[in-house]
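Asks: The following file, entry.txt, comprises compact mmCIF, C-alpha atoms:
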# COMPACT_ATOMS: atom_id res chain seq x y z
CA MET V 1 -58.80 20.46 -74.41
CA HIS V 2 -57.02 22.60 -77.04
CA GLU V 3 -59.68 25.32 -76.73
CA LEU V 4 -59.46 25.24 -72.96
CA PHE V 5 -55.68 25.50 -73.12
CA ASP V 6 -55.86 28.77 -75.06
CA LYS V 7 -57.77 30.32 -72.14
CA LEU V 8 -54.86 29.61 -69.79
CA LYS V 9 -52.39 31.93 -71.50
CA ARG V 10 -53.27 34.88 -69.26
CA PHE V 11 -52.04 32.95 -66.20
CA ASN V 12 -48.65 32.21 -67.74
CA PHE V 13 -45.54 34.12 -68.79
CA TRP V 14 -45.99 33.54 -72.54
CA ASP V 15 -46.18 36.30 -75.17
CA GLY V 16 -44.66 38.87 -72.82
CA ASN V 17 -47.34 38.38 -70.18
CA VAL V 18 -46.19 38.77 -66.54
CA PRO V 19 -48.71 37.54 -63.92
CA LYS V 20 -48.84 39.37 -60.60
CA LEU V 21 -45.72 38.62 -58.58
CA GLY V 22 -46.41 40.45 -55.32
CA PHE V 23 -43.80 41.37 -52.72
CA GLU V 24 -40.59 39.46 -53.39
CA ARG V 25 -39.82 37.05 -50.56
CA THR V 26 -36.08 36.86 -50.96
CA ASP V 27 -35.31 34.46 -48.11
CA TYR V 28 -37.60 31.78 -49.53
CA LEU V 29 -36.32 32.30 -53.07
CA GLN V 30 -32.75 31.83 -51.87
CA LYS V 31 -33.72 28.60 -50.12
CA VAL V 32 -35.34 27.23 -53.27
CA ASP V 33 -32.43 28.35 -55.49
CA GLY V 34 -30.19 25.65 -54.06
CA PHE V 35 -32.53 22.91 -55.28
CA VAL V 36 -33.34 24.09 -58.81
CA ASN V 37 -32.39 22.24 -62.04
CA ASN V 38 -32.61 18.68 -60.79
CA GLN V 39 -35.25 15.96 -60.60
CA LEU V 40 -36.26 16.72 -57.01
CA ILE V 41 -39.92 17.66 -56.63
CA LYS V 42 -40.15 21.06 -54.98
CA VAL V 43 -43.10 21.19 -52.57
CA ILE V 44 -44.38 24.53 -51.24
CA VAL V 45 -46.67 24.06 -48.24
CA GLY V 46 -48.41 26.37 -45.82
CA GLN V 47 -51.70 27.80 -44.68
CA ARG V 48 -54.05 29.34 -47.21
CA ARG V 49 -53.46 33.02 -47.96
CA THR V 50 -49.83 33.07 -46.86
CA GLY V 51 -48.53 33.68 -50.37
CA LYS V 52 -47.84 30.23 -51.85
CA SER V 53 -49.25 31.18 -55.28
CA TYR V 54 -47.13 34.33 -55.38
CA MET V 55 -44.16 32.24 -54.27
CA LEU V 56 -44.56 29.82 -57.19
CA ARG V 57 -44.83 32.70 -59.66
CA GLN V 58 -41.77 34.38 -58.12
CA ILE V 59 -39.79 31.15 -58.55
CA ALA V 60 -40.93 30.97 -62.18
CA ASN V 61 -39.96 34.62 -62.71
CA ARG V 62 -36.55 33.90 -61.20
CA LEU V 63 -36.07 31.12 -63.76
CA LEU V 64 -36.91 33.59 -66.53
CA LYS V 65 -34.35 36.08 -65.23
CA ASN V 66 -31.76 33.30 -65.27
CA GLY V 67 -32.37 32.59 -68.94
CA THR V 68 -35.25 30.10 -69.08
CA HIS V 69 -37.52 30.70 -72.08
CA PRO V 70 -41.13 31.59 -71.13
CA ARG V 71 -42.54 28.70 -73.17
CA ASN V 72 -40.61 26.28 -70.91
CA ILE V 73 -42.74 27.28 -67.90
CA PHE V 74 -46.31 26.08 -67.40
CA TYR V 75 -48.28 27.39 -64.39
CA ILE V 76 -51.52 25.73 -63.27
CA ASN V 77 -53.59 26.97 -60.33
CA LYS V 78 -56.39 24.69 -59.15
CA GLU V 79 -57.88 27.55 -57.13
CA TYR V 80 -58.86 29.35 -60.34
CA LEU V 81 -62.13 28.48 -62.11
CA ALA V 82 -60.30 28.51 -65.44
CA PHE V 83 -58.57 25.28 -64.35
CA ASP V 84 -61.74 23.69 -62.99
CA PHE V 85 -61.89 21.21 -65.88
CA ILE V 86 -58.88 19.39 -64.38
CA LYS V 87 -60.62 16.85 -62.17
CA ASN V 88 -58.02 14.10 -61.92
CA TYR V 89 -54.47 13.15 -62.84
CA LYS V 90 -55.54 11.92 -66.30
CA ASP V 91 -57.01 15.34 -67.13
CA LEU V 92 -53.81 16.93 -65.88
CA ASP V 93 -51.64 14.61 -67.95
CA THR V 94 -53.67 15.37 -71.07
CA LEU V 95 -53.33 19.11 -70.43
CA ILE V 96 -49.54 18.83 -70.04
CA GLN V 97 -49.35 16.94 -73.34
CA VAL V 98 -51.37 19.69 -75.04
CA TYR V 99 -48.99 22.27 -73.52
CA GLN V 100 -45.98 20.42 -74.93
CA GLU V 101 -47.63 20.14 -78.34
CA LYS V 102 -48.68 23.80 -78.44
CA MET V 103 -45.66 25.49 -76.85
CA GLN V 104 -42.91 23.12 -78.05
CA PRO V 105 -40.59 23.66 -75.05
CA GLU V 106 -36.98 22.81 -75.86
CA GLY V 107 -35.02 20.89 -73.25
CA ARG V 108 -36.06 21.03 -69.60
CA PHE V 109 -39.49 22.46 -68.90
CA TYR V 110 -40.86 23.57 -65.54
CA LEU V 111 -44.30 22.55 -64.32
CA PHE V 112 -45.93 24.57 -61.53
CA ILE V 113 -49.13 23.14 -59.99
CA ASP V 114 -50.76 25.32 -57.32
CA GLU V 115 -53.02 23.62 -54.72
CA VAL V 116 -52.24 20.25 -56.25
CA GLN V 117 -54.29 18.38 -53.64
CA ASN V 118 -57.40 19.47 -55.56
CA VAL V 119 -56.48 17.10 -58.40
CA VAL V 120 -57.68 13.56 -57.67
CA GLY V 121 -54.76 11.14 -57.89
CA TRP V 122 -52.21 13.93 -58.39
CA GLU V 123 -49.52 11.86 -56.73
CA LYS V 124 -49.59 9.31 -59.56
CA LEU V 125 -48.77 11.97 -62.12
CA VAL V 126 -46.10 13.66 -60.00
CA ASN V 127 -44.43 10.35 -59.20
CA SER V 128 -44.47 9.31 -62.86
CA TYR V 129 -43.07 12.58 -64.20
CA ALA V 130 -40.43 12.73 -61.48
CA GLN V 131 -39.12 9.29 -62.43
CA ASP V 132 -39.31 9.73 -66.20
CA PHE V 133 -35.76 10.72 -67.12
CA SER V 134 -36.66 10.71 -70.84
CA ASN V 135 -38.96 13.66 -70.17
CA THR V 136 -36.90 16.48 -68.63
CA CYS V 137 -39.65 18.01 -66.51
CA GLU V 138 -38.99 19.75 -63.21
CA ILE V 139 -41.97 19.94 -60.89
CA PHE V 140 -42.98 22.58 -58.35
CA ILE V 141 -46.21 21.97 -56.42
CA SER V 142 -48.03 23.68 -53.58
CA GLY V 143 -50.60 22.52 -51.06
CA SER V 144 -52.42 23.66 -47.93
CA ASN V 145 -52.29 20.45 -45.91
CA SER V 146 -49.26 19.09 -44.06
CA LYS V 147 -50.41 15.52 -44.68
CA MET V 148 -50.30 15.80 -48.47
CA LEU V 149 -46.89 14.09 -48.42
CA SER V 150 -47.50 11.61 -45.64
CA GLY V 151 -48.02 7.87 -45.44
CA GLU V 152 -47.67 5.86 -48.61
CA LEU V 153 -46.86 8.88 -50.76
CA ALA V 154 -43.92 9.85 -48.54
CA THR V 155 -42.58 6.33 -48.98
CA LEU V 156 -43.24 6.46 -52.73
CA LEU V 157 -41.38 9.74 -53.16
CA SER V 158 -38.78 9.11 -50.46
CA GLY V 159 -35.60 11.02 -51.19
CA ARG V 160 -37.07 12.65 -54.30
CA TYR V 161 -38.73 15.76 -52.93
CA ILE V 162 -37.83 18.76 -50.82
CA SER V 163 -40.47 20.81 -48.99
CA PHE V 164 -40.55 24.47 -48.02
CA GLU V 165 -43.09 25.82 -45.54
CA ILE V 166 -44.34 29.33 -46.30
CA PHE V 167 -45.33 31.40 -43.27
CA PRO V 168 -47.11 34.77 -43.10
CA PHE V 169 -44.82 37.81 -43.41
CA SER V 170 -42.00 37.93 -40.89
CA TYR V 171 -41.23 41.14 -39.03
CA GLN V 172 -38.35 41.84 -41.43
CA GLU V 173 -40.65 41.38 -44.42
CA TYR V 174 -43.21 43.64 -42.72
CA ILE V 175 -40.76 46.53 -42.31
CA ASP V 176 -39.26 45.95 -45.76
CA PHE V 177 -42.76 46.13 -47.25
CA TYR V 178 -43.35 49.53 -45.64
CA GLY V 179 -39.77 50.77 -45.98
CA LEU V 180 -39.28 51.02 -42.20
CA GLU V 181 -36.31 50.50 -39.90
CA PRO V 182 -36.27 47.86 -37.14
CA SER V 183 -37.42 49.44 -33.90
CA LYS V 184 -39.55 48.81 -30.86
CA PRO V 185 -42.54 50.87 -32.13
CA THR V 186 -42.69 49.05 -35.47
CA TYR V 187 -42.31 45.67 -33.77
CA LEU V 188 -45.16 46.51 -31.38
CA THR V 189 -47.38 47.42 -34.34
CA TYR V 190 -46.49 44.14 -36.05
CA LEU V 191 -47.12 42.22 -32.80
CA GLN V 192 -50.58 43.77 -32.47
CA THR V 193 -51.64 43.16 -36.08
CA GLY V 194 -50.34 40.15 -38.00
CA GLY V 195 -48.41 38.96 -41.02
CA LEU V 196 -51.05 37.70 -43.45
CA PRO V 197 -49.81 39.35 -46.67
CA GLU V 198 -53.16 40.69 -47.89
CA LEU V 199 -53.76 42.50 -44.59
CA PHE V 200 -51.28 45.16 -45.66
CA ALA V 201 -53.42 46.23 -48.61
CA LEU V 202 -56.62 46.72 -46.60
CA PRO V 203 -57.73 50.23 -45.61
CA ASN V 204 -59.07 49.96 -42.05
CA GLU V 205 -59.39 47.76 -38.97
CA GLU V 206 -62.92 46.54 -39.67
CA THR V 207 -62.03 45.44 -43.19
CA LYS V 208 -59.00 43.64 -41.79
CA ARG V 209 -61.13 41.92 -39.17
CA GLN V 210 -63.56 40.73 -41.81
CA TYR V 211 -60.69 39.49 -43.98
CA VAL V 212 -59.08 37.50 -41.14
CA SER V 213 -62.47 36.01 -40.30
CA SER V 214 -62.97 34.97 -43.93
CA VAL V 215 -59.53 33.29 -44.04
CA LYS V 216 -60.35 31.36 -40.88
CA ASP V 217 -63.77 30.35 -42.20
CA THR V 218 -62.35 29.26 -45.55
CA VAL V 219 -59.70 27.05 -43.99
CA LEU V 220 -62.12 25.47 -41.52
CA LEU V 221 -64.82 24.91 -44.14
CA ARG V 222 -62.90 23.94 -47.28
CA ASP V 223 -59.83 22.27 -45.82
CA ILE V 224 -61.34 20.55 -42.78
CA ILE V 225 -65.15 20.37 -42.64
CA GLN V 226 -65.80 19.39 -46.25
CA LYS V 227 -62.84 17.04 -46.60
CA ASN V 228 -63.29 15.24 -43.29
CA ALA V 229 -67.09 15.14 -43.01
CA ILE V 230 -67.03 17.01 -39.70
CA LYS V 231 -70.25 16.34 -37.77
CA ASP V 232 -69.99 19.30 -35.39
CA PRO V 233 -68.54 22.36 -37.21
CA LYS V 234 -69.24 24.65 -34.24
CA LEU V 235 -67.19 22.40 -31.95
CA LEU V 236 -64.34 22.46 -34.47
CA GLU V 237 -64.30 26.26 -34.43
CA ASP V 238 -64.51 26.29 -30.63
CA VAL V 239 -61.43 24.05 -30.48
CA PHE V 240 -59.60 26.47 -32.78
CA VAL V 241 -60.63 29.43 -30.60
CA TYR V 242 -59.42 27.56 -27.51
CA LEU V 243 -56.03 26.82 -29.08
CA VAL V 244 -55.53 30.44 -30.17
CA ASN V 245 -56.54 31.83 -26.79
CA ASN V 246 -54.29 29.38 -24.96
CA ALA V 247 -51.26 29.72 -27.23
CA SER V 248 -47.99 29.57 -25.27
CA ASN V 249 -49.65 27.52 -22.49
CA LEU V 250 -49.04 23.84 -21.86
CA LEU V 251 -52.10 21.91 -23.05
CA SER V 252 -53.27 18.36 -23.58
CA VAL V 253 -56.19 16.84 -25.46
CA ASN V 254 -57.61 15.96 -22.04
CA ASN V 255 -57.49 19.64 -21.02
CA ILE V 256 -59.44 20.66 -24.11
CA THR V 257 -61.93 17.79 -23.81
CA ASN V 258 -62.65 18.56 -20.17
CA TYR V 259 -63.05 22.27 -20.92
CA MET V 260 -65.56 21.59 -23.70
CA LYS V 261 -67.52 19.21 -21.48
CA SER V 262 -67.56 21.83 -18.71
CA LYS V 263 -69.31 24.12 -21.17
CA GLY V 264 -72.00 21.52 -21.79
CA ARG V 265 -70.60 20.20 -25.07
CA LYS V 266 -71.13 16.52 -25.82
CA THR V 267 -67.82 15.26 -27.11
CA SER V 268 -65.05 12.73 -26.52
CA PHE V 269 -61.28 12.52 -26.29
CA ASP V 270 -61.07 10.96 -29.77
CA THR V 271 -63.19 13.67 -31.37
CA ILE V 272 -61.15 16.49 -29.83
CA SER V 273 -57.91 14.73 -30.74
CA ASN V 274 -59.04 14.45 -34.36
CA TYR V 275 -60.17 18.08 -34.50
CA VAL V 276 -56.86 19.34 -33.09
CA GLY V 277 -55.03 17.21 -35.64
CA PHE V 278 -57.09 18.57 -38.52
CA ILE V 279 -56.39 22.15 -37.40
CA GLU V 280 -52.65 21.40 -37.23
CA ASP V 281 -52.73 19.80 -40.69
CA THR V 282 -53.94 23.08 -42.23
CA PHE V 283 -51.11 25.06 -40.56
CA LEU V 284 -53.51 27.25 -38.55
CA VAL V 285 -51.64 26.25 -35.41
CA HIS V 286 -48.33 24.54 -34.69
CA LYS V 287 -47.53 22.06 -31.95
CA ALA V 288 -44.31 22.28 -29.94
CA HIS V 289 -43.54 19.02 -28.12
CA ARG V 290 -41.75 19.00 -24.80
CA TYR V 291 -38.08 18.01 -24.91
CA ASP V 292 -36.13 16.58 -21.97
CA ILE V 293 -32.83 18.44 -22.19
CA LYS V 294 -30.87 15.99 -20.02
CA GLU V 295 -32.27 12.83 -21.59
CA LYS V 296 -32.25 14.40 -25.08
CA ASP V 297 -35.65 13.02 -26.02
CA THR V 298 -39.21 14.25 -26.49
CA VAL V 299 -41.70 13.87 -23.64
CA ALA V 300 -45.22 12.55 -24.19
CA GLY V 301 -48.25 14.35 -22.76
CA ASN V 302 -48.64 18.11 -22.58
CA ALA V 303 -47.44 20.34 -25.40
CA LYS V 304 -47.70 23.96 -26.45
CA TYR V 305 -49.62 25.26 -29.44
CA TYR V 306 -48.81 28.45 -31.32
CA ALA V 307 -50.95 30.34 -33.81
CA ASN V 308 -49.61 30.53 -37.36
CA ASP V 309 -50.35 34.24 -37.27
CA LEU V 310 -51.29 36.66 -34.48
CA ALA V 311 -54.00 38.18 -36.68
CA TYR V 312 -56.45 35.53 -35.41
CA LYS V 313 -55.88 36.63 -31.84
CA ASN V 314 -55.65 40.34 -32.54
CA TYR V 315 -58.67 40.71 -34.83
CA LEU V 316 -61.02 37.91 -33.80
CA TYR V 317 -60.50 37.08 -30.14
CA SER V 318 -58.89 40.15 -28.60
CA GLY V 319 -61.48 40.27 -25.84
CA PHE V 320 -59.98 37.26 -24.10
CA GLY V 321 -57.36 38.02 -21.46
CA TYR V 322 -53.92 37.54 -23.01
CA GLY V 323 -50.65 39.13 -21.95
CA MET V 324 -48.23 40.78 -24.34
CA GLY V 325 -45.60 38.31 -23.20
CA TYR V 326 -47.61 35.46 -24.71
CA LEU V 327 -47.86 37.30 -28.02
CA LEU V 328 -44.09 37.82 -27.98
CA GLU V 329 -43.48 34.13 -27.26
CA ASN V 330 -45.70 33.20 -30.22
CA LEU V 331 -43.73 35.53 -32.53
CA VAL V 332 -40.39 34.18 -31.33
CA TYR V 333 -41.61 30.64 -32.01
CA LEU V 334 -42.60 31.58 -35.57
CA CYS V 335 -39.29 33.36 -36.11
CA LEU V 336 -37.39 30.20 -35.15
CA CYS V 337 -39.56 28.09 -37.45
CA ARG V 338 -38.95 30.45 -40.38
CA ALA V 339 -35.23 29.94 -39.78
CA ASP V 340 -35.84 26.20 -40.31
CA PHE V 341 -35.31 25.15 -36.71
CA GLU V 342 -37.17 22.24 -35.17
CA VAL V 343 -38.63 23.91 -32.10
CA TYR V 344 -39.44 22.25 -28.77
CA VAL V 345 -40.36 23.30 -25.26
CA GLY V 346 -37.37 22.55 -23.03
CA VAL V 347 -37.79 20.52 -19.84
CA LEU V 348 -35.39 20.36 -16.88
CA PRO V 349 -36.10 18.68 -13.51
CA ASP V 350 -37.44 21.87 -11.92
CA LYS V 351 -37.43 24.43 -14.75
CA GLU V 352 -38.81 25.02 -18.21
CA ILE V 353 -36.95 26.55 -21.14
CA ASP V 354 -39.26 28.36 -23.54
CA PHE V 355 -37.60 26.93 -26.64
CA VAL V 356 -35.03 24.37 -27.62
CA ALA V 357 -34.34 25.06 -31.31
CA LYS V 358 -32.40 22.45 -33.29
CA LYS V 359 -31.06 22.60 -36.83
CA ALA V 360 -28.40 20.16 -38.03
CA ASP V 361 -25.51 20.59 -35.55
CA THR V 362 -26.85 23.90 -34.21
CA VAL V 363 -28.77 24.01 -30.93
CA LEU V 364 -30.18 27.22 -29.48
CA TYR V 365 -31.87 27.68 -26.10
CA VAL V 366 -34.24 30.66 -25.91
CA GLN V 367 -36.10 32.41 -23.11
CA CYS V 368 -38.71 35.10 -23.83
CA ALA V 369 -39.78 37.93 -21.54
CA TYR V 370 -41.65 41.09 -22.40
CA SER V 371 -39.56 43.08 -19.93
CA LEU V 372 -36.45 42.35 -17.84
CA GLN V 373 -36.64 45.50 -15.76
CA GLU V 374 -37.84 43.63 -12.67
CA GLU V 375 -34.92 41.91 -10.96
CA SER V 376 -37.03 38.83 -10.24
CA THR V 377 -37.92 38.41 -13.92
CA LEU V 378 -34.33 38.89 -15.03
CA GLU V 379 -33.14 36.32 -12.51
CA ARG V 380 -35.82 33.81 -13.52
CA GLU V 381 -35.01 33.96 -17.23
CA PHE V 382 -31.22 33.85 -16.92
CA SER V 383 -31.10 31.25 -14.15
CA ALA V 384 -33.22 28.85 -16.21
CA LEU V 385 -30.65 28.98 -19.01
CA GLU V 386 -27.77 28.72 -16.54
CA ALA V 387 -29.24 25.38 -15.45
CA VAL V 388 -28.87 23.91 -18.96
CA PRO V 389 -25.92 21.47 -18.69
CA ASP V 390 -24.21 22.09 -22.04
CA HIS V 391 -22.47 24.86 -23.92
CA TYR V 392 -24.71 25.54 -26.89
CA THR V 393 -25.85 29.12 -27.55
CA LYS V 394 -28.27 30.48 -24.95
CA LEU V 395 -30.36 33.58 -25.57
CA VAL V 396 -32.89 35.79 -23.78
CA VAL V 397 -35.26 37.80 -26.00
CA SER V 398 -37.17 40.79 -24.64
CA MET V 399 -38.83 44.07 -25.61
CA ASP V 400 -36.56 46.23 -23.46
CA ASP V 401 -34.97 49.45 -24.75
CA PHE V 402 -31.57 48.28 -23.50
CA ILE V 403 -29.34 45.31 -24.29
CA LEU V 404 -27.82 43.50 -21.33
CA PRO V 405 -24.20 42.34 -21.32
CA SER V 406 -23.49 38.62 -21.57
CA ARG V 407 -23.98 36.73 -18.29
CA ASN V 408 -22.15 33.41 -17.97
CA GLY V 409 -22.18 33.16 -21.76
CA ILE V 410 -25.93 33.87 -22.00
CA LEU V 411 -26.75 36.50 -24.60
CA HIS V 412 -29.56 39.04 -24.70
CA THR V 413 -31.22 40.59 -27.75
CA GLN V 414 -34.23 42.75 -28.48
CA ALA V 415 -37.14 41.06 -30.25
CA TRP V 416 -36.87 43.31 -33.31
CA GLN V 417 -33.23 42.23 -33.75
CA LEU V 418 -33.88 38.48 -33.43
CA GLU V 419 -34.00 37.68 -37.16
CA ALA V 420 -30.64 39.40 -37.70
CA PHE V 421 -29.20 37.54 -34.70
CA LEU V 422 -30.29 34.16 -36.09
CA LYS V 423 -28.69 34.90 -39.46
CA GLN V 424 -25.42 35.65 -37.67
CA ILE V 425 -25.28 32.36 -35.77
CA LEU V 426 -26.54 30.07 -38.54
CA PRO V 427 -24.04 28.49 -40.93
Starting from the file, give its structure as structure tokens.

Replies:
Amino acid sequence: MHELFDKLKRFNFWDGNVPKLGFERTDYLQKVDGFVNNQLIKVIVGQRRTGKSYMLRQIANRLLKNGTHPRNIFYINKEYLAFDFIKNYKDLDTLIQVYQEKMQPEGRFYLFIDEVQNVVGWEKLVNSYAQDFSNTCEIFISGSNSKMLSGELATLLSGRYISFEIFPFSYQEYIDFYGLEPSKPTYLTYLQTGGLPELFALPNEETKRQYVSSVKDTVLLRDIIQKNAIKDPKLLEDVFVYLVNNASNLLSVNNITNYMKSKGRKTSFDTISNYVGFIEDTFLVHKAHRYDIKEKDTVAGNAKYYANDLAYKNYLYSGFGYGMGYLLENLVYLCLCRADFEVYVGVLPDKEIDFVAKKADTVLYVQCAYSLQEESTLEREFSALEAVPDHYTKLVVSMDDFILPSRNGILHTQAWQLEAFLKQILP
């Protein structure tokens, strides 16, 4: 183990080494800052290739800038072959003991474990270290499955962890990366490409298409097919394609099952339900439940699904008919999620509100429309919000070149200004 440990130095910040940090994601770093230097386990979750590894290293680098000694930080990435010898929690525990013996960290030390779900029994080690107040270790872990902290483990760690979901680049991050100003042209480019961080370093459209396809294949194969013994991988991919091409539409498992059967596929409700759940678990798509605004409760049955990134639609399935308004709705949904809202589809007796976004005591009602130039469209979007029987903030988002004045308290903003708007209204 001591010989193996020496090979890990190049992945850590020791001896003046600085691993690749990537584009600094300031909003996430600021969120994490408020929970540093305590016994809470910090959990970074999100789809593969959205920058979780860079995020962990950026957090570690932030600690260094704030005075932490490099030897007090130990970074482990289970995606790298160099760490392949760590099979289970006992191997991991032995490695941490070797680190302490070799590096002699003084006081609190910080343990970063990337893709922790690849260590068998990892939860036993994390739970033990988190409770051991004689060993001042602060733990940061990442994973690519939303169920990694569910069930018994959630009960075991109840109240002792905080999770942060990492999304692909937001529009603001996209323009900051390129040094651009917010505008309709740059937003349109972002809307027709995607936010997967590595896309921005690729030279042409075909290379980008191949990259997006490889990300999709990797998630389906490694995170779903292999781990869940999927019997029909082609059906799983077809379900994913269906969800992406029907994003922003109300769907049910019955809808998807009947569609697959109409195409001659032999399947069942339970199989489709499981496949949809697996796809959700890997963050490839997100489910927005319906919410009865008057009764203030979720509604069973149909729901909407949104792609975690528009790159899947734009590079892999662009041949399917899909209006720009649906792409905009998907981006607005992701923008609200990045702002830490719980996002639902609003239901009124005879109307639908695109989004009901809730965060602590803040509630925001949002309508999306690509253009409000047609009087009928403008009336439809504003009248739906006027029917909401309370006085929380109501907003219409569009791609128009103009900004409309407030109407009965309902505000209007351009899509490329939405992130700034949310920062203004949030506490």

Asks: Report the distance between CA of Ala201 (chain V) and CA of Leu316 (chain V) in Å, rounded to one decimal place.

Replies: 18.6 Å

Asks: Closest to Ala303 (chain V) among V:Ala247, V:Met324, V:Leu284, V:Leu348, using all atoms listed in the file?

Replies: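 Closest to Ala303 (chain V), using all atoms listed in the file: V:Ala247.
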
Asks: Using all atoms listed in the file, can you tell me which of V:Ser383, V:Thr193, V:Asn118, V:Ser318 comes closest to Arg407 (chain V)?

Replies: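 So, comparing all the options, the nearest one is V:Ser383.
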
Asks: Which residue is closest to Ile353 (chain V)? Choose from V:Ile73, V:Leu385, V:Ile224, V:Ala311 and count all atoms listed in the file.

Replies: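 Between V:Ile73, V:Leu385, V:Ile224, V:Ala311, the residue approaching Ile353 (chain V) most closely is V:Leu385.
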
Asks: Might you pull out every residue within 12 Å of Thr68 (chain V), with all atoms listed in the file counted and same-chain residues fewer than 5 positions away left off, and present them as a list of chain:residue names?

Replies: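 Surrounding residues, per the criterion: V:Phe13, V:Trp14, V:Asn37, V:Ile59, V:Ala60, V:Asn61, V:Arg62, V:Leu63, V:Ile73, V:Phe74, V:Pro105, V:Glu106, V:Gly107, V:Arg108, V:Phe109, V:Tyr110.
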
Asks: Set the distance at 8 Å and use only C-alpha atoms: which residues neighbour Lys359 (chain V) once local chain neighbours fewer than 2 positions away are removed? I'd like the list as a list in words.

Replies: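 Listing them by chain and then by number gives Asp340, Phe341, Glu342, Ala357, Asp361, Thr362 and Val363 of chain V.
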
Asks: Tell me which protein, DNA and RNA residues are within 12 Å of Lys147 (chain V), counting only C-alpha atoms, leaving out same-chain ones fewer than 4 positions away, and put them as a ChimeraX atom specification.

Replies: /V:45-46,117,143,151-154,223,277-283

Asks: Take the residues from that selection and put them in a file with C-alpha atoms, as a PDB file, in the coordinates of the input.

Replies:
ATOM      1  CA  VAL V  45     -46.670  24.060 -48.240  1.00  0.00           C
ATOM      2  CA  GLY V  46     -48.410  26.370 -45.820  1.00  0.00           C
ATOM      3  CA  GLN V 117     -54.290  18.380 -53.640  1.00  0.00           C
ATOM      4  CA  GLY V 143     -50.600  22.520 -51.060  1.00  0.00           C
ATOM      5  CA  GLY V 151     -48.020   7.870 -45.440  1.00  0.00           C
ATOM      6  CA  GLU V 152     -47.670   5.860 -48.610  1.00  0.00           C
ATOM      7  CA  LEU V 153     -46.860   8.880 -50.760  1.00  0.00           C
ATOM      8  CA  ALA V 154     -43.920   9.850 -48.540  1.00  0.00           C
ATOM      9  CA  ASP V 223     -59.830  22.270 -45.820  1.00  0.00           C
ATOM     10  CA  GLY V 277     -55.030  17.210 -35.640  1.00  0.00           C
ATOM     11  CA  PHE V 278     -57.090  18.570 -38.520  1.00  0.00           C
ATOM     12  CA  ILE V 279     -56.390  22.150 -37.400  1.00  0.00           C
ATOM     13  CA  GLU V 280     -52.650  21.400 -37.230  1.00  0.00           C
ATOM     14  CA  ASP V 281     -52.730  19.800 -40.690  1.00  0.00           C
ATOM     15  CA  THR V 282     -53.940  23.080 -42.230  1.00  0.00           C
ATOM     16  CA  PHE V 283     -51.110  25.060 -40.560  1.00  0.00           C
TER      17      PHE V 283
END
